file start38.tsv (TSV, C-alpha atoms and all ligand atoms)
chain	number	residue	atom	x	y	z
S	1	MET	CA	3.76	19.65	-20.23
S	2	SER	CA	1.40	22.43	-21.23
S	3	HIS	CA	0.01	24.73	-18.58
S	4	SER	CA	-2.84	25.78	-20.76
S	5	ARG	CA	-6.38	25.18	-19.67
S	6	SER	CA	-8.49	23.46	-22.24
S	7	GLY	CA	-11.94	22.01	-22.53
S	8	GLY	CA	-14.48	20.65	-24.96
S	9	ASP	CA	-13.49	18.02	-27.46
S	10	ALA	CA	-10.44	19.73	-28.94
S	11	THR	CA	-7.32	17.96	-27.74
S	12	SER	CA	-4.73	19.99	-25.87
S	13	GLY	CA	-1.87	18.08	-27.43
S	14	GLU	CA	-1.30	16.05	-24.29
S	15	THR	CA	-1.25	12.34	-25.00
S	16	VAL	CA	-2.21	10.35	-21.95
S	17	LEU	CA	-2.11	6.58	-21.96
S	18	VAL	CA	-3.96	4.99	-19.04
S	19	VAL	CA	-3.15	1.39	-18.11
S	20	GLY	CA	-6.15	-0.23	-16.42
S	21	ALA	CA	-9.86	0.37	-17.03
S	22	GLY	CA	-11.09	-0.31	-13.50
S	23	ILE	CA	-13.06	2.47	-11.85
S	24	VAL	CA	-9.83	4.41	-11.23
S	25	GLY	CA	-8.35	4.26	-14.73
S	26	ALA	CA	-11.76	4.81	-16.34
S	27	SER	CA	-12.25	7.94	-14.24
S	28	VAL	CA	-8.78	9.26	-15.07
S	29	ALA	CA	-9.39	8.56	-18.78
S	30	TYR	CA	-12.81	10.22	-18.77
S	31	HIS	CA	-11.67	13.33	-16.95
S	32	ALA	CA	-8.46	13.69	-18.99
S	33	ALA	CA	-10.35	13.29	-22.28
S	34	ARG	CA	-12.98	15.76	-21.12
S	35	ALA	CA	-10.22	18.22	-20.21
S	36	GLY	CA	-8.89	18.01	-23.76
S	37	ALA	CA	-6.13	15.38	-23.70
S	38	ALA	CA	-5.75	12.75	-26.41
S	39	VAL	CA	-6.40	9.68	-24.28
S	40	THR	CA	-5.72	6.01	-24.85
S	41	LEU	CA	-7.20	3.58	-22.31
S	42	VAL	CA	-5.94	0.02	-22.33
S	43	ASP	CA	-7.01	-2.98	-20.25
S	44	ALA	CA	-5.97	-6.61	-20.17
S	45	GLY	CA	-9.66	-7.59	-20.04
S	46	ARG	CA	-13.03	-5.84	-20.04
S	47	PRO	CA	-13.53	-2.46	-18.32
S	48	GLY	CA	-14.56	-2.91	-14.69
S	49	ALA	CA	-13.92	-6.65	-14.64
S	50	GLY	CA	-11.05	-6.41	-12.11
S	51	VAL	CA	-11.61	-5.96	-8.40
S	52	THR	CA	-14.09	-3.22	-9.23
S	53	ALA	CA	-16.59	-5.95	-10.21
S	54	GLY	CA	-16.30	-7.54	-6.77
S	55	SER	CA	-16.75	-4.35	-4.76
S	56	PHE	CA	-19.40	-3.65	-2.15
S	57	ALA	CA	-19.28	-0.14	-3.64
S	58	TRP	CA	-20.40	1.95	-0.68
S	59	ILE	CA	-19.85	5.61	-1.44
S	60	GLY	CA	-18.75	6.24	2.11
S	61	ALA	CA	-17.55	9.80	2.23
S	62	SER	CA	-18.59	10.50	5.81
S	63	GLY	CA	-16.75	10.25	9.07
S	64	VAL	CA	-13.10	10.45	7.97
S	65	ARG	CA	-11.32	13.29	9.74
S	66	THR	CA	-7.64	12.51	9.34
S	67	GLY	CA	-5.13	11.04	6.90
S	68	PRO	CA	-3.73	12.20	3.55
S	69	ALA	CA	-6.94	11.45	1.65
S	70	ALA	CA	-9.35	12.99	4.18
S	71	ALA	CA	-9.71	16.24	2.24
S	72	ALA	CA	-10.33	14.45	-1.07
S	73	ARG	CA	-12.75	12.08	0.63
S	74	ALA	CA	-14.70	15.02	1.99
S	75	THR	CA	-15.41	15.99	-1.62
S	76	ALA	CA	-16.38	12.48	-2.76
S	77	THR	CA	-20.15	12.87	-2.63
S	78	ARG	CA	-20.07	16.26	-4.30
S	79	GLU	CA	-17.85	14.84	-7.06
S	80	TYR	CA	-20.32	11.97	-7.63
S	81	ARG	CA	-23.18	14.47	-7.88
S	82	ARG	CA	-21.18	16.44	-10.45
S	83	LEU	CA	-20.47	13.26	-12.40
S	84	GLU	CA	-24.17	12.33	-12.34
S	85	ALA	CA	-24.93	15.68	-13.94
S	86	GLU	CA	-22.22	15.16	-16.59
S	87	LEU	CA	-23.10	11.53	-17.30
S	88	PRO	CA	-26.89	11.14	-17.07
S	89	GLY	CA	-28.00	7.70	-15.99
S	90	LEU	CA	-24.89	7.05	-13.89
S	91	PRO	CA	-25.93	4.02	-11.81
S	92	VAL	CA	-25.64	5.43	-8.29
S	93	THR	CA	-28.16	5.38	-5.44
S	94	TRP	CA	-28.33	7.74	-2.48
S	95	SER	CA	-29.80	5.85	0.46
S	96	GLY	CA	-27.61	7.14	3.30
S	97	SER	CA	-25.74	4.75	5.57
S	98	LEU	CA	-26.57	3.49	9.05
S	99	SER	CA	-23.74	2.14	11.23
S	100	TRP	CA	-23.62	0.74	14.73
S	101	GLY	CA	-21.33	-1.23	16.99
S	102	ALA	CA	-21.27	-3.04	20.28
S	103	ALA	CA	-20.22	-0.06	22.43
S	104	ASP	CA	-22.73	1.24	24.99
S	105	ARG	CA	-22.16	4.78	23.94
S	106	ALA	CA	-22.25	6.34	20.51
S	107	PRO	CA	-19.00	7.75	19.12
S	108	GLU	CA	-18.57	11.41	18.37
S	109	PRO	CA	-20.14	11.94	14.93
S	110	GLY	CA	-17.66	12.74	12.16
S	111	PRO	CA	-18.21	15.01	9.18
S	112	GLY	CA	-21.49	14.23	7.44
S	113	GLN	CA	-22.70	12.06	10.33
S	114	GLU	CA	-25.30	12.38	13.06
S	115	ILE	CA	-26.16	10.15	15.99
S	116	VAL	CA	-29.73	8.83	15.92
S	117	ASP	CA	-31.78	7.07	18.61
S	118	ALA	CA	-33.71	3.81	18.46
S	119	ALA	CA	-36.88	5.36	17.02
S	120	ALA	CA	-35.00	7.11	14.22
S	121	ALA	CA	-32.98	4.00	13.43
S	122	ALA	CA	-36.19	1.92	13.31
S	123	ALA	CA	-37.75	4.46	10.95
S	124	LEU	CA	-34.73	4.13	8.64
S	125	GLU	CA	-34.59	0.33	8.85
S	126	PRO	CA	-38.10	-0.89	9.76
S	127	ALA	CA	-37.15	-4.60	9.69
S	128	LEU	CA	-34.65	-4.30	12.56
S	129	ARG	CA	-35.49	-6.86	15.27
S	130	GLN	CA	-34.08	-5.07	18.30
S	131	PRO	CA	-34.09	-1.37	19.10
S	132	LEU	CA	-30.60	0.04	18.65
S	133	PRO	CA	-29.39	2.14	21.59
S	134	TRP	CA	-27.65	4.39	19.05
S	135	ALA	CA	-26.61	4.44	15.41
S	136	VAL	CA	-24.52	6.68	13.19
S	137	TRP	CA	-26.60	8.04	10.32
S	138	ALA	CA	-24.77	9.46	7.30
S	139	PRO	CA	-27.55	10.83	5.08
S	140	GLY	CA	-25.21	11.82	2.24
S	141	ASP	CA	-23.73	8.35	1.71
S	142	GLY	CA	-24.76	6.12	-1.17
S	143	ALA	CA	-23.70	3.20	-3.31
S	144	ALA	CA	-22.68	2.56	-6.90
S	145	ASP	CA	-23.11	-0.17	-9.44
S	146	PRO	CA	-19.32	-0.18	-9.82
S	147	VAL	CA	-19.16	-1.90	-13.20
S	148	GLY	CA	-21.98	0.29	-14.51
S	149	VAL	CA	-20.19	3.44	-13.36
S	150	THR	CA	-16.94	2.22	-14.94
S	151	GLU	CA	-18.66	1.46	-18.24
S	152	ARG	CA	-20.34	4.87	-18.20
S	153	LEU	CA	-16.96	6.55	-17.58
S	154	VAL	CA	-15.41	4.60	-20.47
S	155	ALA	CA	-18.31	5.59	-22.75
S	156	GLY	CA	-17.86	9.20	-21.60
S	157	ALA	CA	-14.14	9.03	-22.36
S	158	ARG	CA	-14.91	7.67	-25.84
S	159	ALA	CA	-17.42	10.46	-26.40
S	160	HIS	CA	-14.55	12.90	-25.74
S	161	GLY	CA	-12.36	11.15	-28.26
S	162	ALA	CA	-10.53	8.55	-26.17
S	163	ARG	CA	-9.37	5.36	-27.85
S	164	VAL	CA	-10.15	2.28	-25.79
S	165	HIS	CA	-8.32	-1.04	-26.12
S	166	PRO	CA	-9.93	-3.83	-24.08
S	167	ASP	CA	-8.43	-7.34	-23.99
S	168	THR	CA	-4.96	-5.89	-24.52
S	169	PRO	CA	-2.48	-6.75	-21.76
S	170	VAL	CA	0.33	-4.24	-21.29
S	171	THR	CA	3.64	-6.06	-21.02
S	172	ALA	CA	6.01	-3.14	-20.39
S	173	VAL	CA	6.32	0.64	-20.18
S	174	ARG	CA	8.47	1.97	-23.05
S	175	ARG	CA	11.07	4.71	-22.60
S	176	ASP	CA	13.36	6.62	-24.96
S	177	ALA	CA	17.15	6.75	-24.71
S	178	ALA	CA	16.90	9.62	-22.23
S	179	GLY	CA	14.66	7.53	-19.99
S	180	ARG	CA	11.44	9.44	-20.74
S	181	VAL	CA	8.24	7.47	-21.07
S	182	VAL	CA	6.98	7.18	-24.64
S	183	GLY	CA	4.20	4.62	-24.27
S	184	VAL	CA	3.68	0.95	-23.55
S	185	GLU	CA	4.27	-2.41	-25.14
S	186	THR	CA	1.20	-4.61	-25.40
S	187	ALA	CA	0.39	-8.09	-26.57
S	188	ALA	CA	-1.00	-6.41	-29.73
S	189	GLY	CA	1.98	-4.10	-30.34
S	190	PRO	CA	3.18	-0.73	-29.03
S	191	LEU	CA	0.92	2.17	-28.03
S	192	SER	CA	2.24	5.68	-27.52
S	193	GLY	CA	1.64	8.28	-24.87
S	194	ALA	CA	3.76	11.12	-23.49
S	195	THR	CA	2.33	10.32	-20.07
S	196	VAL	CA	1.60	6.78	-18.91
S	197	VAL	CA	-0.75	6.45	-15.94
S	198	LEU	CA	-0.47	3.16	-14.10
S	199	ALA	CA	-3.98	2.47	-12.76
S	200	ALA	CA	-3.70	-1.29	-12.92
S	201	GLY	CA	-4.91	-2.08	-9.40
S	202	VAL	CA	-3.01	-5.00	-7.87
S	203	ALA	CA	-0.85	-5.29	-11.03
S	204	THR	CA	0.51	-1.76	-10.67
S	205	ALA	CA	3.58	-2.74	-8.65
S	206	ALA	CA	4.64	-5.34	-11.23
S	207	LEU	CA	4.44	-2.77	-14.04
S	208	GLY	CA	6.65	-0.34	-12.10
S	209	ALA	CA	9.26	-2.87	-10.98
S	210	PRO	CA	11.13	-3.29	-14.33
S	211	LEU	CA	11.61	0.50	-14.35
S	212	GLY	CA	13.23	0.34	-10.92
S	213	VAL	CA	10.15	1.96	-9.38
S	214	HIS	CA	8.95	0.45	-6.11
S	215	ILE	CA	5.21	0.96	-5.67
S	216	PRO	CA	4.27	-0.47	-2.27
S	217	VAL	CA	0.87	-2.00	-3.04
S	218	ASP	CA	-0.18	-5.47	-1.99
S	219	PRO	CA	-3.26	-7.53	-2.83
S	220	SER	CA	-5.64	-7.53	0.13
S	221	PRO	CA	-8.42	-10.12	-0.17
S	222	ALA	CA	-11.98	-9.17	0.78
S	223	THR	CA	-15.14	-11.21	0.31
S	224	LEU	CA	-18.50	-10.30	-1.12
S	225	PHE	CA	-21.62	-12.44	-0.70
S	226	ARG	CA	-24.76	-12.31	-2.81
S	227	LEU	CA	-27.89	-13.24	-0.87
S	228	ARG	CA	-31.48	-13.91	-1.87
S	229	ALA	CA	-33.72	-11.74	0.29
S	230	PRO	CA	-37.25	-10.34	0.44
S	231	ALA	CA	-37.96	-7.03	-1.30
S	232	GLY	CA	-37.42	-3.92	0.78
S	233	LEU	CA	-35.69	-5.73	3.64
S	234	VAL	CA	-32.75	-3.30	3.85
S	235	ARG	CA	-33.19	0.36	2.96
S	236	THR	CA	-29.85	2.01	3.68
S	237	VAL	CA	-26.21	0.94	3.46
S	238	VAL	CA	-25.92	-0.90	6.78
S	239	ASN	CA	-22.55	-1.21	8.48
S	240	THR	CA	-22.13	-3.35	11.62
S	241	PRO	CA	-19.21	-5.26	13.14
S	242	ASP	CA	-20.62	-8.38	11.38
S	243	PHE	CA	-21.24	-7.09	7.84
S	244	ASP	CA	-21.68	-4.27	5.39
S	245	LEU	CA	-25.07	-4.88	3.79
S	246	ARG	CA	-27.25	-3.29	1.15
S	247	GLN	CA	-30.13	-4.21	-1.12
S	248	VAL	CA	-29.14	-4.18	-4.79
S	249	ALA	CA	-32.36	-5.51	-6.33
S	250	PRO	CA	-35.83	-6.37	-4.99
S	251	ASP	CA	-34.71	-9.92	-4.23
S	252	ARG	CA	-30.95	-9.42	-3.75
S	253	LEU	CA	-28.64	-8.29	-0.98
S	254	LEU	CA	-24.89	-7.74	-1.16
S	255	ALA	CA	-22.83	-8.31	1.96
S	256	ALA	CA	-19.16	-7.61	2.52
S	257	ALA	CA	-18.20	-9.85	5.41
S	258	ASP	CA	-15.93	-12.69	6.54
S	259	SER	CA	-17.77	-16.00	6.63
S	260	PRO	CA	-20.99	-17.05	4.88
S	261	GLU	CA	-22.36	-18.88	7.92
S	262	ARG	CA	-21.71	-16.00	10.32
S	263	THR	CA	-23.09	-13.49	7.81
S	264	LEU	CA	-26.32	-15.43	7.30
S	265	ALA	CA	-26.72	-15.88	11.06
S	266	ALA	CA	-26.04	-12.19	11.68
S	267	VAL	CA	-28.48	-11.05	8.97
S	268	ARG	CA	-31.17	-13.32	10.43
S	269	SER	CA	-30.60	-12.12	13.98
S	270	THR	CA	-30.54	-8.46	12.90
S	271	PHE	CA	-33.60	-8.30	10.61
S	272	ARG	CA	-37.12	-9.74	10.80
S	273	GLY	CA	-38.53	-11.67	7.87
S	274	THR	CA	-35.22	-13.29	6.99
S	275	ALA	CA	-36.03	-17.00	7.34
S	276	ASP	CA	-35.68	-17.45	3.57
S	277	VAL	CA	-32.46	-15.49	3.13
S	278	GLU	CA	-29.95	-17.72	1.38
S	279	LEU	CA	-26.48	-17.50	-0.04
S	280	LEU	CA	-26.38	-17.27	-3.84
S	281	GLY	CA	-22.69	-16.64	-4.44
S	282	THR	CA	-19.32	-15.68	-3.04
S	283	ARG	CA	-16.60	-13.62	-4.68
S	284	VAL	CA	-13.17	-12.86	-3.28
S	285	GLY	CA	-11.63	-9.66	-4.62
S	286	LEU	CA	-8.01	-8.58	-4.32
S	287	ARG	CA	-8.05	-4.97	-3.27
S	288	PRO	CA	-4.99	-2.90	-4.23
S	289	MET	CA	-3.84	-1.89	-0.75
S	290	PRO	CA	-1.02	0.64	-0.42
S	291	ALA	CA	1.39	-0.15	2.43
S	292	ASP	CA	-0.03	2.61	4.65
S	293	GLY	CA	-3.61	2.19	3.40
S	294	GLU	CA	-3.62	5.65	1.80
S	295	PRO	CA	-3.81	6.48	-1.92
S	296	ILE	CA	-0.68	6.58	-4.07
S	297	VAL	CA	-1.42	9.22	-6.69
S	298	GLY	CA	1.07	11.37	-8.55
S	299	PRO	CA	4.03	11.56	-10.89
S	300	VAL	CA	7.02	9.27	-10.40
S	301	ALA	CA	10.01	11.57	-9.99
S	302	GLU	CA	12.66	9.17	-11.29
S	303	VAL	CA	10.79	8.25	-14.51
S	304	PRO	CA	9.69	11.35	-16.44
S	305	GLY	CA	6.23	10.84	-17.92
S	306	LEU	CA	5.19	8.10	-15.50
S	307	TYR	CA	2.23	8.70	-13.18
S	308	VAL	CA	0.65	6.31	-10.64
S	309	ALA	CA	-2.98	6.15	-9.45
S	310	VAL	CA	-3.59	3.26	-7.10
S	311	LEU	CA	-5.81	3.35	-4.06
S	312	HIS	CA	-8.18	1.57	-1.77
S	313	SER	CA	-11.80	2.78	-1.30
S	314	ALA	CA	-11.55	3.69	-4.93
S	315	VAL	CA	-15.27	3.41	-5.65
S	316	THR	CA	-15.81	6.26	-3.21
S	317	LEU	CA	-12.83	8.27	-4.41
S	318	ALA	CA	-12.73	7.63	-8.18
S	319	PRO	CA	-14.67	10.71	-9.35
S	320	ALA	CA	-12.66	13.05	-7.13
S	321	VAL	CA	-9.30	11.44	-7.87
S	322	GLY	CA	-9.97	11.19	-11.61
S	323	ARG	CA	-10.77	14.87	-11.87
S	324	LEU	CA	-7.75	15.91	-9.80
S	325	VAL	CA	-5.37	13.65	-11.74
S	326	ALA	CA	-6.70	15.02	-15.04
S	327	ARG	CA	-6.04	18.56	-13.85
S	328	GLU	CA	-2.47	17.66	-12.98
S	329	LEU	CA	-1.91	15.89	-16.30
S	330	VAL	CA	-3.71	18.29	-18.63
S	331	ASP	CA	-3.55	21.66	-16.91
S	332	GLY	CA	-0.18	21.08	-15.27
S	333	THR	CA	-1.46	22.06	-11.84
S	334	VAL	CA	-0.25	20.58	-8.57
S	335	GLU	CA	-3.42	19.71	-6.72
S	336	PRO	CA	-3.25	20.38	-2.96
S	337	LEU	CA	-5.82	17.63	-2.24
S	338	LEU	CA	-3.33	15.09	-3.60
S	339	ALA	CA	-0.34	16.52	-1.70
S	340	GLY	CA	-0.37	13.77	0.94
S	341	CYS	CA	-0.80	10.98	-1.61
S	342	ARG	CA	2.57	11.03	-3.40
S	343	LEU	CA	4.75	7.98	-3.93
S	344	ASP	CA	7.82	9.69	-2.46
S	345	ARG	CA	6.34	9.53	1.06
S	346	PHE	CA	7.53	5.92	1.28
A	401	LIG	C1	-15.33	-7.10	-1.07
A	401	LIG	C2	-14.91	-5.70	-1.42
A	401	LIG	C3	-15.62	-4.63	-0.91
A	401	LIG	C4	-15.23	-3.32	-1.22
A	401	LIG	N1	-16.00	-2.32	-0.76
A	401	LIG	C5	-15.72	-1.04	-1.12
A	401	LIG	C6	-16.60	0.00	-0.74
A	401	LIG	O1	-17.63	-0.25	-0.11
A	401	LIG	N2	-16.30	1.27	-1.14
A	401	LIG	C7	-15.17	1.57	-1.86
A	401	LIG	O2	-14.93	2.73	-2.18
A	401	LIG	N3	-14.31	0.59	-2.23
A	401	LIG	C8	-14.57	-0.71	-1.87
A	401	LIG	N4	-13.74	-1.71	-2.25
A	401	LIG	C9	-12.49	-1.38	-2.94
A	401	LIG	C10	-12.71	-1.02	-4.39
A	401	LIG	O3	-13.46	-2.04	-5.01
A	401	LIG	C11	-11.35	-0.85	-5.07
A	401	LIG	O4	-10.62	0.14	-4.38
A	401	LIG	C12	-11.49	-0.45	-6.54
A	401	LIG	O5	-12.37	-1.29	-7.24
A	401	LIG	C13	-10.11	-0.46	-7.21
A	401	LIG	O6	-10.27	-0.07	-8.54
A	401	LIG	P1	-9.06	-0.12	-9.55
A	401	LIG	O7	-9.52	0.53	-10.79
A	401	LIG	O8	-7.83	0.43	-8.89
A	401	LIG	O9	-8.74	-1.67	-9.72
A	401	LIG	P2	-9.32	-2.74	-10.78
A	401	LIG	O10	-10.78	-2.70	-10.86
A	401	LIG	O11	-8.68	-4.05	-10.43
A	401	LIG	O12	-8.76	-2.24	-12.18
A	401	LIG	C14	-7.45	-2.44	-12.61
A	401	LIG	C15	-7.52	-2.84	-14.06
A	401	LIG	O13	-6.20	-2.96	-14.55
A	401	LIG	C16	-6.18	-3.98	-15.50
A	401	LIG	N5	-4.81	-4.46	-15.66
A	401	LIG	C17	-4.02	-5.05	-14.75
A	401	LIG	N6	-2.83	-5.38	-15.29
A	401	LIG	C18	-2.86	-4.93	-16.57
A	401	LIG	C19	-1.93	-4.97	-17.63
A	401	LIG	N7	-0.70	-5.49	-17.49
A	401	LIG	N8	-2.30	-4.45	-18.82
A	401	LIG	C20	-3.52	-3.91	-18.99
A	401	LIG	N9	-4.44	-3.85	-18.00
A	401	LIG	C21	-4.11	-4.35	-16.82
A	401	LIG	C22	-7.11	-5.04	-14.94
A	401	LIG	O14	-7.60	-5.88	-15.97
A	401	LIG	C23	-8.19	-4.20	-14.29
A	401	LIG	O15	-9.33	-4.02	-15.10
A	401	LIG	C24	-14.09	-3.06	-2.00
A	401	LIG	C25	-13.38	-4.14	-2.55
A	401	LIG	C26	-13.78	-5.44	-2.27
A	401	LIG	C27	-13.04	-6.57	-2.88
call {"tool": "encode", "arguments": {"input": "start38.tsv", "output": "structure tokens", "more": "lines below"}}
Ligand SMILES: Cc1cc2nc3c(=O)[nH]c(=O)nc-3n(C[C@H](O)[C@H](O)[C@H](O)COP(=O)(O)OP(=O)(O)OC[C@H]3O[C@@H](n4cnc5c(N)ncnc54)[C@H](O)[C@@H]3O)c2cc1C
result
Amino acid sequence: MSHSRSGGDATSGETVLVVGAGIVGASVAYHAARAGAAVTLVDAGRPGAGVTAGSFAWIGASGVRTGPAAAARATATREYRRLEAELPGLPVTWSGSLSWGAADRAPEPGPGQEIVDAAAAAALEPALRQPLPWAVWAPGDGAADPVGVTERLVAGARAHGARVHPDTPVTAVRRDAAGRVVGVETAAGPLSGATVVLAAGVATAALGAPLGVHIPVDPSPATLFRLRAPAGLVRTVVNTPDFDLRQVAPDRLLAAADSPERTLAAVRSTFRGTADVELLGTRVGLRPMPADGEPIVGPVAEVPGLYVAVLHSAVTLAPAVGRLVARELVDGTVEPLLAGCRLDRF
């Protein structure tokens, strides 16, 4: 692998094949192409149509103090702002987030958070029925249109020369006689790449298994509800023990929660003017959940040329992780922010 730094549209000679055009693979492909690699991005379906399409898509970078991804998460908002500058029109909104729970006392605020009183909470969410004794306000948080961001990343990758193959299921990773990765087999024939990045969400483990690589990721179901709601009902990303909630259009709310009945009841008891709120749709998404909940990002030691990028909270982390992965693949660096995320920790 070259250790040269490169930029612009000239390729560095690195050929990177990314399996999976969800928000993770699209970000890796965009950043690697932008850094000068010759990138191929392949997906079994349409970009962003995997679990990314069923995400609540809170860019929740605040509050996390510990864990292997804490340092990367602390950069998440900044990385989104950078990406917005690189890709004008990126569909992201910066509303801040407001969280509260049942405890009498507010928790200690984490990074990027402050504790606000009832008056401040009511100013942020004027339709609240009851004064909140406390709430955690994270002014830097936001939300993404996750499919829109993925599509924009794919378009950005293409603009930097990437070749994109939608509707092309990968059936196997190909290796040479020495065991080095040389590309993938697909339903439409072979594709080559000196590095293959598995960013296939819940399908990642199945792609590694025939190579003898155990990637401990399981599907973790989570439910998203679409609700009809009055314009301007919810202003921030609201997080309570009953639901995560945000307004995505003048007449639409998205809620990540457990049951439709409890969610509707909780929305009605939390906000005024909600008599007409109704359920429009339900979508269950299978989140790729690593065994310890933390990202698995890095090269696979026993298969030269193979690299894995699979993580939860990937809407929040995709810009940061994509840029870091691209640096490792194209510049040959070892990124300290990914040090705690390697597969060999299992
Ligand atoms: C209800 C819900 C709420 C959520 N809320 C948040 C949140 O608020 N904030 C946050 O950050 N995250 C949230 N998440 C998690 C987030 O959505 C995921 O972490 C993220 O979308 C994962 O992206 P991905 O690219 O890894 O997976 P995917 O989007 O599933 O992409 C993987 C891609 O790989 C492709 N693929 C699979 N197998 C193959 C193959 N053999 N060949 C070719 N292509 C293949 C698939 O077609 C797919 O497009 C939520 C998820 C859910 C379900």
call {"tool": "closest_residue", "arguments": {"input": "start38.tsv", "among": "S:Gly285, S:Gly179, S:Gly332, S:Gly340", "to": "ligand LIG 401 (chain A)", "atoms": "only C-alpha atoms and all ligand atoms"}}
result
S:Gly285
call {"tool": "residues_near_ligand", "arguments": {"input": "start38.tsv", "ligand": "ligand LIG 401 (chain A)", "cutoff": "7 Å", "atoms": "all atoms listed in the file", "output": "MDAnalysis selection string"}}
result
chainID S and resid 19:25 42:60 168:171 199:204 207 221:224 256 284:288 310:317
call {"tool": "write_last_selection", "arguments": {"input": "start38.tsv", "atoms": "C-alpha atoms", "output": "CSV table (one decimal), keeping the file's coordinate frame"}}
result
chain,number,residue,atom,x,y,z
S,19,VAL,CA,-3.2,1.4,-18.1
S,20,GLY,CA,-6.2,-0.2,-16.4
S,21,ALA,CA,-9.9,0.4,-17.0
S,22,GLY,CA,-11.1,-0.3,-13.5
S,23,ILE,CA,-13.1,2.5,-11.8
S,24,VAL,CA,-9.8,4.4,-11.2
S,25,GLY,CA,-8.4,4.3,-14.7
S,42,VAL,CA,-5.9,0.0,-22.3
S,43,ASP,CA,-7.0,-3.0,-20.2
S,44,ALA,CA,-6.0,-6.6,-20.2
S,45,GLY,CA,-9.7,-7.6,-20.0
S,46,ARG,CA,-13.0,-5.8,-20.0
S,47,PRO,CA,-13.5,-2.5,-18.3
S,48,GLY,CA,-14.6,-2.9,-14.7
S,49,ALA,CA,-13.9,-6.6,-14.6
S,50,GLY,CA,-11.0,-6.4,-12.1
S,51,VAL,CA,-11.6,-6.0,-8.4
S,52,THR,CA,-14.1,-3.2,-9.2
S,53,ALA,CA,-16.6,-6.0,-10.2
S,54,GLY,CA,-16.3,-7.5,-6.8
S,55,SER,CA,-16.8,-4.4,-4.8
S,56,PHE,CA,-19.4,-3.6,-2.2
S,57,ALA,CA,-19.3,-0.1,-3.6
S,58,TRP,CA,-20.4,2.0,-0.7
S,59,ILE,CA,-19.8,5.6,-1.4
S,60,GLY,CA,-18.8,6.2,2.1
S,168,THR,CA,-5.0,-5.9,-24.5
S,169,PRO,CA,-2.5,-6.8,-21.8
S,170,VAL,CA,0.3,-4.2,-21.3
S,171,THR,CA,3.6,-6.1,-21.0
S,199,ALA,CA,-4.0,2.5,-12.8
S,200,ALA,CA,-3.7,-1.3,-12.9
S,201,GLY,CA,-4.9,-2.1,-9.4
S,202,VAL,CA,-3.0,-5.0,-7.9
S,203,ALA,CA,-0.8,-5.3,-11.0
S,204,THR,CA,0.5,-1.8,-10.7
S,207,LEU,CA,4.4,-2.8,-14.0
S,221,PRO,CA,-8.4,-10.1,-0.2
S,222,ALA,CA,-12.0,-9.2,0.8
S,223,THR,CA,-15.1,-11.2,0.3
S,224,LEU,CA,-18.5,-10.3,-1.1
S,256,ALA,CA,-19.2,-7.6,2.5
S,284,VAL,CA,-13.2,-12.9,-3.3
S,285,GLY,CA,-11.6,-9.7,-4.6
S,286,LEU,CA,-8.0,-8.6,-4.3
S,287,ARG,CA,-8.0,-5.0,-3.3
S,288,PRO,CA,-5.0,-2.9,-4.2
S,310,VAL,CA,-3.6,3.3,-7.1
S,311,LEU,CA,-5.8,3.4,-4.1
S,312,HIS,CA,-8.2,1.6,-1.8
S,313,SER,CA,-11.8,2.8,-1.3
S,314,ALA,CA,-11.6,3.7,-4.9
S,315,VAL,CA,-15.3,3.4,-5.6
S,316,THR,CA,-15.8,6.3,-3.2
S,317,LEU,CA,-12.8,8.3,-4.4
call {"tool": "atom_distance", "arguments": {"input": "start38.tsv", "atom1": "atom CA of S:Pro166", "atom2": "atom CA of S:Ile296"}}
result
24.4 Å
call {"tool": "atom_distance", "arguments": {"input": "start38.tsv", "atom1": "atom CA of S:Tyr307", "atom2": "atom CA of S:Val196"}}
result
6.1 Å
call {"tool": "atom_distance", "arguments": {"input": "start38.tsv", "atom1": "atom CA of S:Val197", "atom2": "atom CA of S:Thr15"}}
result
10.8 Å
call {"tool": "closest_residue", "arguments": {"input": "start38.tsv", "among": "S:Ala138, S:Val173, S:Leu280, S:Ala275", "to": "S:Val237", "atoms": "all atoms listed in the file"}}
result
S:Ala138
call {"tool": "closest_residue", "arguments": {"input": "start38.tsv", "among": "S:Val238, S:Ala205, S:Ala38, S:Ala144", "to": "S:Val92", "atoms": "all atoms listed in the file"}}
result
S:Ala144
call {"tool": "closest_residue", "arguments": {"input": "start38.tsv", "among": "S:Ala26, S:Val325, S:Val334, S:Leu132", "to": "S:Ser99", "atoms": "all atoms listed in the file"}}
result
S:Leu132
